[in-house]
Amino acid sequence: MALLEIDNIHTYYGNIHALKGISLNIEKGEIVTLIGANGAGKTTTLRTISGLLKPREGTVKLNGEDLAQYKAHEVVYKGISMVPEGRGVFARLTVTENLEMGAYSRSDKAEIQRNMERVFTLFPRLKERRTQVAGTLSGGEQQMVATGRALMASPSILLMDEPSMGLAPVLVELIFDIIQQINKEGTTILLVEQNALMALGIASRGYVLQTGQIVLSDSAENLKKNPTVQKAYLGME
Amino acid sequence: MQSLKRFSWTDVFMWVVGAALLTLIVVGSYLTLQQGKYTTVQWFDLAVFGLAQGSVYALIALGYTLVYGILRMINFAHSEIFMSGAYIGFFVATSMQRSGFLRENPVLGIVFIFLTAMTTSAILAILLERIAYRPLRGAPRLVPLITAIGASFFLQYTFRGLFGTQNRAYPEIDFIRGAIPLFGSFQIQKIQLIVIIAAALMMAALAFFVQYTKTGKAMRAVSEDKSVAALMGIDVDKIIVRTFVIGASLAGAAGVLYCFMFRIVTFYMGFIPGLKAFTAAVLGGIGNPPGAMLGGLFLGIFESLGPTLFLDGLGIPAPYQLKDVIAFTMLVMILIFRPTGILGERLSKTKA
């Protein structure tokens, strides 16, 4: 049984049919990437998994349990954590407070402390800035806060929406290194990226999304060699 | 090109009005002080009274500002939450007065009045949020505003229907009457001191709560971004209800303090203090709790000292009757010249 099973979901924004029957599976320990153009439905897929949007049809199952009955804030307790698009740090809260909010679903003080240490080990920069208000941080540091904050919930699967957006290449490298490290420490990752080349570089498998449908799914290796993908998403002729 | 703004006659006109008012204040104050009709002791009394009144405004203003901070909505029914707490507190006080309990155990009795008033206000606020506001979440911002005004009338007229239109005299509680002598001929009314201290304690407790507790931090997170807060596992609806409960409890307590000072209860008693507190919230910067506290205290003192200080010297008879004019002129002036208030954000600014 896959860790996360998504079966034929249809999600709407009002009358707009955004996801037209998406199915995907993620096994425990994998990094899976979802690539596609703007408006293809990548963010909508993540928002549906995290419960912010409810599918009109289809199911999202975590460890075999249907998540339809849970609201967004309850899904976190099930083990799904999300780094939202545009980072979504709480600008007026300090770095530490942001991380504490990430641990809102946890009640074990020792576990929270351990997670906090882990985040500070992954991102030593955040430790230096822990009393600083998050709104005053640079884009890269805010991405660190958003990522660290999601880890505070001890998720079994981490959903990441465009972690490279708006970051300098050096920082993108750093964030991708960290993603791999988080994965090695046992967290499964579903990564949505515009930067398909980088994403396929660290993922084991990928899905290609086009106008609300999955048009391709294969191993990352094969996707990188696929002429359609090369042309449309990797900028190769 | 920020510095080369388009020239507008409206701006010029408003600046002239503002300058004229400022001149009036300066000249009026100068003349009043020069005539020396009032002693230092009288000024001191006015200032302390203003501080006490301002503390009540601040407590109510916090309710407006907390709800605005989270929902970007002005809860115009908040003044009725204040009134209902005061009203129920009045019934408790009267019956305890009749039974003699209040005379024998004044402290316990007063605590009990506060508890019932705060509970009443809190319960009403929970119902208000559940029935009138939650179903409209996500509706255009004008819609909950209209419901809020409707809910305000609903509560006012329910109380009028149930308890009549008359002014009711609050029981005299001997324990809180009298004055405490300070130095010389300076003294301070016991009740004013109690109001100031009680309000200060509650505000300190609120500040601690918002800054350091898990729920307080969650309130701040929700006020910044509701969907991200939900992704953290925060039950946004629950936090909104708690915010209403906190604001309402403060309003209920303010209602009791208000009654202790002015000793009168009516079904429409919430209207003017509610508007004043709203002014205070805007003055301090709506959505900003320290701003509401500051705005409330400032307005209270301004309103207490202002009429006598600014107008007496100009030969205006009974200047104290004009205190509401002064308060609301100030509201208009703030909205024109500093819509962000002392510490806060613009009233019309929508957050993404």
# chains A, B, ... in the order shown; residues from 1 in each chain; ligands from 1
call {"tool": "interface_residues", "arguments": {"of": "chain A", "to": "chain B", "cutoff": "6 Å", "atoms": "only C-alpha atoms", "output": "ChimeraX atom specification"}}
result
/A:72-73,76,102,105
call {"tool": "residues_around", "arguments": {"residues": "A:Thr59", "least_positions_apart": "5", "cutoff": "10 Å", "atoms": "only C-alpha atoms", "output": "ChimeraX atom specification"}}
result
/A:5-10,22-23,48-49,54,65-68
call {"tool": "write_last_selection", "arguments": {"atoms": "C-alpha atoms", "output": "tab-separated table (two decimals), in the first residue's frame"}}
result
chain	number	residue	atom	x	y	z
A	5	GLU	CA	-2.92	7.40	-2.75
A	6	ILE	CA	-4.84	9.87	-4.82
A	7	ASP	CA	-7.55	8.42	-6.93
A	8	ASN	CA	-9.30	10.31	-9.69
A	9	ILE	CA	-9.82	13.63	-7.91
A	10	HIS	CA	-11.86	16.43	-9.43
A	22	ILE	CA	-5.87	13.21	-11.06
A	23	SER	CA	-4.48	9.96	-9.75
A	48	THR	CA	-6.60	19.37	-2.26
A	49	ILE	CA	-4.28	16.92	-0.52
A	54	LYS	CA	-12.26	19.54	-1.05
A	65	GLU	CA	-7.43	6.15	5.35
A	66	ASP	CA	-9.74	8.41	3.36
A	67	LEU	CA	-9.07	12.04	4.31
A	68	ALA	CA	-12.40	13.39	3.02
call {"tool": "closest_residue", "arguments": {"among": "B:Val265, B:Ala253, B:Val56, B:Ile326", "to": "B:Met118", "atoms": "only C-alpha atoms"}}
result
B:Ala253
call {"tool": "residues_around", "arguments": {"residues": "B:Gly252", "least_positions_apart": "5", "cutoff": "9 Å", "atoms": "only C-alpha atoms", "output": "PyMOL selection string"}}
result
chain B and resi 60+81-86+89+114-122+247+257
call {"tool": "residues_around", "arguments": {"residues": "A:Ile178", "least_positions_apart": "3", "cutoff": "12 Å", "atoms": "only C-alpha atoms", "output": "VMD selection string"}}
result
chain A and resid 118 to 119 121 to 124 143 to 144 147 to 148 151 163 171 to 175 181 to 185 187 189 202
call {"tool": "atom_distance", "arguments": {"atom1": "atom CA of A:Ala134", "atom2": "atom CA of A:Thr96"}}
result
9.1 Å
call {"tool": "atom_distance", "arguments": {"atom1": "atom CA of A:Leu126", "atom2": "atom CA of A:Val145"}}
result
7.2 Å
call {"tool": "atom_distance", "arguments": {"atom1": "atom CA of B:Gly216", "atom2": "atom CA of B:Ala125"}}
result
18.5 Å
call {"tool": "residues_around", "arguments": {"residues": "stretch 178-192 of chain B", "least_positions_apart": "4", "cutoff": "7 Å", "atoms": "only C-alpha atoms", "output": "list in words"}}
result
Val41, Phe49, Ala52, Ile196 and Met261 of chain B
call {"tool": "select_by_dssp", "arguments": {"residues": "stretch 172-326 of chain B", "states": "strand (DSSP E or B)", "output": "ChimeraX atom specification"}}
result
/B:179-181,187-189,264-265
call {"tool": "write_last_selection", "arguments": {"atoms": "all heavy atoms", "output": "PDB file, in the first residue's frame"}}
result
ATOM      1  N   ALA B 179     -13.418  58.839  48.818  1.00  0.00           N
ATOM      2  CA  ALA B 179     -12.187  59.266  48.181  1.00  0.00           C
ATOM      3  C   ALA B 179     -10.993  58.897  49.051  1.00  0.00           C
ATOM      4  O   ALA B 179     -11.108  58.770  50.267  1.00  0.00           O
ATOM      5  CB  ALA B 179     -12.221  60.768  47.951  1.00  0.00           C
ATOM      6  N   ILE B 180      -9.869  58.696  48.393  1.00  0.00           N
ATOM      7  CA  ILE B 180      -8.639  58.432  49.128  1.00  0.00           C
ATOM      8  C   ILE B 180      -7.822  59.704  49.095  1.00  0.00           C
ATOM      9  O   ILE B 180      -7.499  60.210  48.013  1.00  0.00           O
ATOM     10  CB  ILE B 180      -7.860  57.290  48.464  1.00  0.00           C
ATOM     11  CG1 ILE B 180      -8.705  56.013  48.453  1.00  0.00           C
ATOM     12  CG2 ILE B 180      -6.524  57.061  49.171  1.00  0.00           C
ATOM     13  CD1 ILE B 180      -8.197  54.971  47.506  1.00  0.00           C
ATOM     14  N   PRO B 181      -7.474  60.280  50.274  1.00  0.00           N
ATOM     15  CA  PRO B 181      -6.683  61.506  50.255  1.00  0.00           C
ATOM     16  C   PRO B 181      -5.253  61.216  49.827  1.00  0.00           C
ATOM     17  O   PRO B 181      -4.670  60.195  50.215  1.00  0.00           O
ATOM     18  CB  PRO B 181      -6.744  61.969  51.718  1.00  0.00           C
ATOM     19  CG  PRO B 181      -7.063  60.748  52.499  1.00  0.00           C
ATOM     20  CD  PRO B 181      -7.809  59.804  51.613  1.00  0.00           C
ATOM     21  N   GLN B 187      -7.006  64.501  46.097  1.00  0.00           N
ATOM     22  CA  GLN B 187      -7.555  63.204  46.472  1.00  0.00           C
ATOM     23  C   GLN B 187      -8.001  62.481  45.225  1.00  0.00           C
ATOM     24  O   GLN B 187      -8.091  63.046  44.141  1.00  0.00           O
ATOM     25  CB  GLN B 187      -8.713  63.391  47.441  1.00  0.00           C
ATOM     26  CG  GLN B 187      -9.811  64.281  46.883  1.00  0.00           C
ATOM     27  CD  GLN B 187     -10.996  64.352  47.813  1.00  0.00           C
ATOM     28  OE1 GLN B 187     -10.883  64.062  48.988  1.00  0.00           O
ATOM     29  NE2 GLN B 187     -12.136  64.710  47.280  1.00  0.00           N
ATOM     30  N   ILE B 188      -8.262  61.206  45.405  1.00  0.00           N
ATOM     31  CA  ILE B 188      -8.642  60.414  44.249  1.00  0.00           C
ATOM     32  C   ILE B 188      -9.861  59.593  44.631  1.00  0.00           C
ATOM     33  O   ILE B 188      -9.923  59.030  45.723  1.00  0.00           O
ATOM     34  CB  ILE B 188      -7.443  59.553  43.770  1.00  0.00           C
ATOM     35  CG1 ILE B 188      -7.763  58.844  42.463  1.00  0.00           C
ATOM     36  CG2 ILE B 188      -7.003  58.557  44.802  1.00  0.00           C
ATOM     37  CD1 ILE B 188      -6.507  58.295  41.786  1.00  0.00           C
ATOM     38  N   GLN B 189     -10.860  59.593  43.745  1.00  0.00           N
ATOM     39  CA  GLN B 189     -12.062  58.806  44.018  1.00  0.00           C
ATOM     40  C   GLN B 189     -11.710  57.329  44.018  1.00  0.00           C
ATOM     41  O   GLN B 189     -11.030  56.846  43.111  1.00  0.00           O
ATOM     42  CB  GLN B 189     -13.133  59.083  42.954  1.00  0.00           C
ATOM     43  CG  GLN B 189     -13.641  60.512  42.934  1.00  0.00           C
ATOM     44  CD  GLN B 189     -14.378  60.861  44.216  1.00  0.00           C
ATOM     45  OE1 GLN B 189     -15.186  60.079  44.698  1.00  0.00           O
ATOM     46  NE2 GLN B 189     -14.075  62.033  44.762  1.00  0.00           N
ATOM     47  N   ILE B 264     -25.868  54.071  36.126  1.00  0.00           N
ATOM     48  CA  ILE B 264     -27.125  54.087  35.396  1.00  0.00           C
ATOM     49  C   ILE B 264     -27.089  52.971  34.349  1.00  0.00           C
ATOM     50  O   ILE B 264     -26.040  52.694  33.780  1.00  0.00           O
ATOM     51  CB  ILE B 264     -27.375  55.469  34.763  1.00  0.00           C
ATOM     52  CG1 ILE B 264     -28.878  55.727  34.705  1.00  0.00           C
ATOM     53  CG2 ILE B 264     -26.760  55.589  33.403  1.00  0.00           C
ATOM     54  CD1 ILE B 264     -29.187  57.195  34.664  1.00  0.00           C
ATOM     55  N   VAL B 265     -28.237  52.309  34.170  1.00  0.00           N
ATOM     56  CA  VAL B 265     -28.311  51.221  33.207  1.00  0.00           C
ATOM     57  C   VAL B 265     -29.520  51.446  32.313  1.00  0.00           C
ATOM     58  O   VAL B 265     -30.615  51.692  32.813  1.00  0.00           O
ATOM     59  CB  VAL B 265     -28.452  49.859  33.925  1.00  0.00           C
ATOM     60  CG1 VAL B 265     -28.542  48.734  32.921  1.00  0.00           C
ATOM     61  CG2 VAL B 265     -27.295  49.634  34.867  1.00  0.00           C
TER      62      VAL B 265
END
call {"tool": "residues_around", "arguments": {"residues": "stretch 63-74 of chain B", "least_positions_apart": "6", "cutoff": "10 Å", "atoms": "only C-alpha atoms", "output": "NGL selection string"}}
result
:B and (81-82 or 133 or 137-138 or 141-146 or 148-149 or 219-226 or 236 or 239-241 or 243-251 or 274 or 277-278 or 280-282 or 284-293 or 345 or 347-351)
call {"tool": "write_last_selection", "arguments": {"atoms": "C-alpha atoms", "output": "PDB file, in the first residue's frame"}}
result
ATOM      1  CA  ILE B  81     -22.199  43.050  24.135  1.00  0.00           C
ATOM      2  CA  PHE B  82     -20.935  45.722  26.523  1.00  0.00           C
ATOM      3  CA  TYR B 133     -21.026  36.111  11.288  1.00  0.00           C
ATOM      4  CA  ARG B 137     -17.396  34.236   6.206  1.00  0.00           C
ATOM      5  CA  GLY B 138     -16.041  34.754   2.728  1.00  0.00           C
ATOM      6  CA  ARG B 141     -16.886  42.747   3.569  1.00  0.00           C
ATOM      7  CA  LEU B 142     -19.953  44.926   3.488  1.00  0.00           C
ATOM      8  CA  VAL B 143     -22.249  41.990   4.232  1.00  0.00           C
ATOM      9  CA  PRO B 144     -21.050  41.108   7.759  1.00  0.00           C
ATOM     10  CA  LEU B 145     -20.927  44.824   8.523  1.00  0.00           C
ATOM     11  CA  ILE B 146     -24.634  45.107   7.752  1.00  0.00           C
ATOM     12  CA  ALA B 148     -23.398  43.470  12.655  1.00  0.00           C
ATOM     13  CA  ILE B 149     -25.529  46.590  12.649  1.00  0.00           C
ATOM     14  CA  MET B 219      -4.501  34.359  17.247  1.00  0.00           C
ATOM     15  CA  ARG B 220      -1.690  36.390  15.792  1.00  0.00           C
ATOM     16  CA  ALA B 221      -0.994  33.723  13.175  1.00  0.00           C
ATOM     17  CA  VAL B 222      -4.669  33.560  12.170  1.00  0.00           C
ATOM     18  CA  SER B 223      -4.816  37.341  11.904  1.00  0.00           C
ATOM     19  CA  GLU B 224      -1.999  37.197   9.367  1.00  0.00           C
ATOM     20  CA  ASP B 225      -3.096  34.313   7.185  1.00  0.00           C
ATOM     21  CA  LYS B 226      -6.018  32.005   7.846  1.00  0.00           C
ATOM     22  CA  VAL B 236      -9.271  28.796  12.688  1.00  0.00           C
ATOM     23  CA  ILE B 239      -9.499  30.718  17.423  1.00  0.00           C
ATOM     24  CA  ILE B 240     -12.035  33.191  16.049  1.00  0.00           C
ATOM     25  CA  VAL B 241     -14.546  32.140  18.712  1.00  0.00           C
ATOM     26  CA  THR B 243     -11.104  35.998  20.119  1.00  0.00           C
ATOM     27  CA  PHE B 244     -14.764  36.946  20.350  1.00  0.00           C
ATOM     28  CA  VAL B 245     -14.922  35.518  23.866  1.00  0.00           C
ATOM     29  CA  ILE B 246     -11.886  37.497  25.010  1.00  0.00           C
ATOM     30  CA  GLY B 247     -13.137  40.736  23.478  1.00  0.00           C
ATOM     31  CA  ALA B 248     -16.601  40.195  24.918  1.00  0.00           C
ATOM     32  CA  SER B 249     -15.322  39.379  28.412  1.00  0.00           C
ATOM     33  CA  LEU B 250     -13.366  42.611  28.416  1.00  0.00           C
ATOM     34  CA  ALA B 251     -16.474  44.468  27.247  1.00  0.00           C
ATOM     35  CA  GLY B 274     -19.297  51.835  21.806  1.00  0.00           C
ATOM     36  CA  ALA B 277     -14.354  52.973  21.907  1.00  0.00           C
ATOM     37  CA  PHE B 278     -14.469  52.491  18.164  1.00  0.00           C
ATOM     38  CA  ALA B 280     -10.308  54.952  20.306  1.00  0.00           C
ATOM     39  CA  ALA B 281      -9.555  51.814  18.301  1.00  0.00           C
ATOM     40  CA  VAL B 282      -9.224  53.814  15.086  1.00  0.00           C
ATOM     41  CA  GLY B 284      -4.702  53.852  18.095  1.00  0.00           C
ATOM     42  CA  GLY B 285      -4.702  52.012  14.801  1.00  0.00           C
ATOM     43  CA  ILE B 286      -7.394  49.423  14.294  1.00  0.00           C
ATOM     44  CA  GLY B 287      -6.214  45.838  14.536  1.00  0.00           C
ATOM     45  CA  ASN B 288      -3.468  46.809  16.941  1.00  0.00           C
ATOM     46  CA  PRO B 289      -4.157  45.972  20.620  1.00  0.00           C
ATOM     47  CA  PRO B 290      -1.586  48.313  22.200  1.00  0.00           C
ATOM     48  CA  GLY B 291      -3.010  51.008  19.921  1.00  0.00           C
ATOM     49  CA  ALA B 292      -6.506  50.392  21.263  1.00  0.00           C
ATOM     50  CA  MET B 293      -5.253  50.748  24.840  1.00  0.00           C
ATOM     51  CA  GLU B 345      -2.801  49.994   9.623  1.00  0.00           C
ATOM     52  CA  LEU B 347      -8.823  50.941   7.810  1.00  0.00           C
ATOM     53  CA  SER B 348      -9.526  50.107   4.185  1.00  0.00           C
ATOM     54  CA  LYS B 349      -6.413  48.070   3.529  1.00  0.00           C
ATOM     55  CA  THR B 350      -7.283  44.546   2.485  1.00  0.00           C
ATOM     56  CA  LYS B 351      -4.888  41.779   3.237  1.00  0.00           C
TER      57      LYS B 351
END
call {"tool": "residues_around", "arguments": {"residues": "A:Leu34", "least_positions_apart": "3", "cutoff": "7 Å", "atoms": "only C-alpha atoms", "output": "ChimeraX atom specification"}}
result
/A:42,191-193,206-209
call {"tool": "select_by_dssp", "arguments": {"residues": "stretch 7-245 of chain B", "states": "helix (DSSP H, G or I)", "output": "PyMOL selection string"}}
result
chain B and resi 9-35+40-71+78-99+101-104+106-136+142-163+174-176+190-212+214-224+226-231+236-245
call {"tool": "closest_residue", "arguments": {"among": "A:Glu100, A:Glu111, A:Glu221, A:Glu57", "to": "A:Gly21", "atoms": "only C-alpha atoms"}}
result
A:Glu57
